[in-house]
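Visitor: Sharing a structure with you now.
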Amino acid sequence: MWIAHTEDGTPVEAARNLASDSYLCPMCQTPVILKRGQKVAAHFAHTPDSDCPASEAESWRHLMAKQVLVDELTRQGWGAQAEVVHQAHGRRVDVGLKALGPDGARLYFAIEVQDSAIQVDTMKDRIARDRRIGYDATVWLFTTHRAAALMAAQPDHEVRVPDEMLWVSNRYGQGVQMIDPQTRELWAASFGKIRRPGESHEWYTPEGDLTGVDYPGRTLRKTKSVGRRRAGFIPQLAPGKFGDRWSLVFAGEQQGHPRP
Ligand SMILES: [Zn+2]
């Protein structure tokens with residue numbers, strides 16, 4: 001984790017020059033250790049026996065992606081906060097973002113960054129929790145490390161797309177959004193279906209769940225063609241689906257939505 005509390009409850013960001021002091025996990029209130037080795041990004045770590053939901057190990061890319069998102073969004077005047085803890089729901093949102101709806105209503109988005117594989121059921125569980133907490137929608141970003149196959153794809157290639165990315169693309173209808181924390185770039189990928197006569201293809205519910213294959217005896221095709229473009233750190237509201245009132249897309253050059 002990047003943010004811990006001092007003993008009087010003040011949030012502090014992990015940094016190399018932060019004093020060695022006692023720090024507490026904002027989720028479980030147990031002491032966490034400031035780590036700042038030469039090869040890792042500064043972060044706080046639980047003791048190995050912790051069962052806190054916030055204790056899972058994070059890659060430096062995941063930590064850095066949260067910092068880059070908060071930096072870039074804040075620089076543009078958006079209300080962004082890393083590691084928003086909802087203790088009662090056992091949930092820590094990677095980045096929380098405030099926005100204004102067209103009617104002037106305040107909107108809250110939970111941005112999740114994935115640097116490793118994730119089960120679609122886990123994503124559905126997080127979305128359900130985010131709704132109960134009161135977020136208007138959950139926004140998924142994959143690191144360019146996790147989405148390396150998409151970043152390397154040539155226009156005429158077939159790419160095996162990980163299940164969770166296909167699911168995100170189907171559910172939100174916006175392709176897949178990717179972040180490179182080292183170059184501080186955002187990318188958007190969209191998928192094209194590849195079909196040939198005599199080959200199976202898959203059917204999805206509107207929510208993105210696989211319901212059938214038209215040639216059940218054959219291997220399911222999950223290869224797609226991939227289109228890719230640079231995006232920017234300008235969040236834009238779009239109509240939501242499946243009970244989400246809104247969704248959020250990181251647009252490129254377009255005009256952003258009014259800020260809160
Ligand atoms: Zn904890």
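By convention in this document, the chains of the structure tokens carry letters A, B, ... by their order, each chain's residues are numbered from 1, and ligands are numbered from 1 in the order they are shown.
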Tell me which protein, DNA and RNA residues are within 12 Å of Ala15 of chain A, counting only C-alpha atoms, leaving out same-chain ones fewer than 3 positions away, and put them as a ChimeraX atom specification.
Guide: /A:1-4,12,18-20,34-37,40-44,63-64,67
Visitor: Can you work out which residues are within 6 Å of ligand 1, considering only C-alpha atoms and all ligand atoms, and then hand them over as a VMD selection string?
Guide: chain A and resid 25 27 to 28 52 54 to 55
Visitor: If we count only C-alpha atoms and set the cut-off at 6 Å, which residues sit around segment 89-99 of chain A, ignoring sequence neighbours fewer than 3 positions away in its own chain? Please answer as a PyMOL selection string.
Guide: chain A and resi 79-86+106-112+259-260
Visitor: May I ask for the distance between atom CA of Thr223 of chain A and atom CA of Asp121 of chain A, given in Å to one decimal place?
Guide: 21.5 Å
Visitor: Name the residues in contact with Pro206 of chain A at a cut-off of 10 Å, using only C-alpha atoms, excluding same-chain residues fewer than 6 positions from it; report them as a ChimeraX atom specification.
Guide: /A:170-173,241-242
Visitor: Hey, can you spit out that residue selection with N, CA, C and O atoms as a compact mmCIF listing (two decimals), in the first residue's frame?
Guide:
```
# COMPACT_ATOMS: atom_id res chain seq x y z
N ASN A 170 -16.80 -6.18 -23.23
CA ASN A 170 -18.20 -6.50 -23.52
C ASN A 170 -19.15 -5.76 -22.59
O ASN A 170 -20.18 -5.27 -23.01
N ARG A 171 -18.79 -5.68 -21.32
CA ARG A 171 -19.71 -5.08 -20.35
C ARG A 171 -19.85 -3.57 -20.56
O ARG A 171 -20.94 -3.03 -20.52
N TYR A 172 -18.71 -2.90 -20.75
CA TYR A 172 -18.75 -1.44 -20.81
C TYR A 172 -18.84 -0.91 -22.24
O TYR A 172 -19.12 0.26 -22.45
N GLY A 173 -18.55 -1.78 -23.21
CA GLY A 173 -18.64 -1.36 -24.60
C GLY A 173 -17.66 -0.28 -24.98
O GLY A 173 -17.91 0.53 -25.87
N LYS A 241 -24.25 1.25 -18.25
CA LYS A 241 -25.05 0.10 -18.63
C LYS A 241 -25.26 -0.78 -17.39
O LYS A 241 -24.48 -0.72 -16.46
N PHE A 242 -26.31 -1.59 -17.42
CA PHE A 242 -26.55 -2.60 -16.38
C PHE A 242 -26.63 -1.99 -14.99
O PHE A 242 -26.01 -2.47 -14.04
```
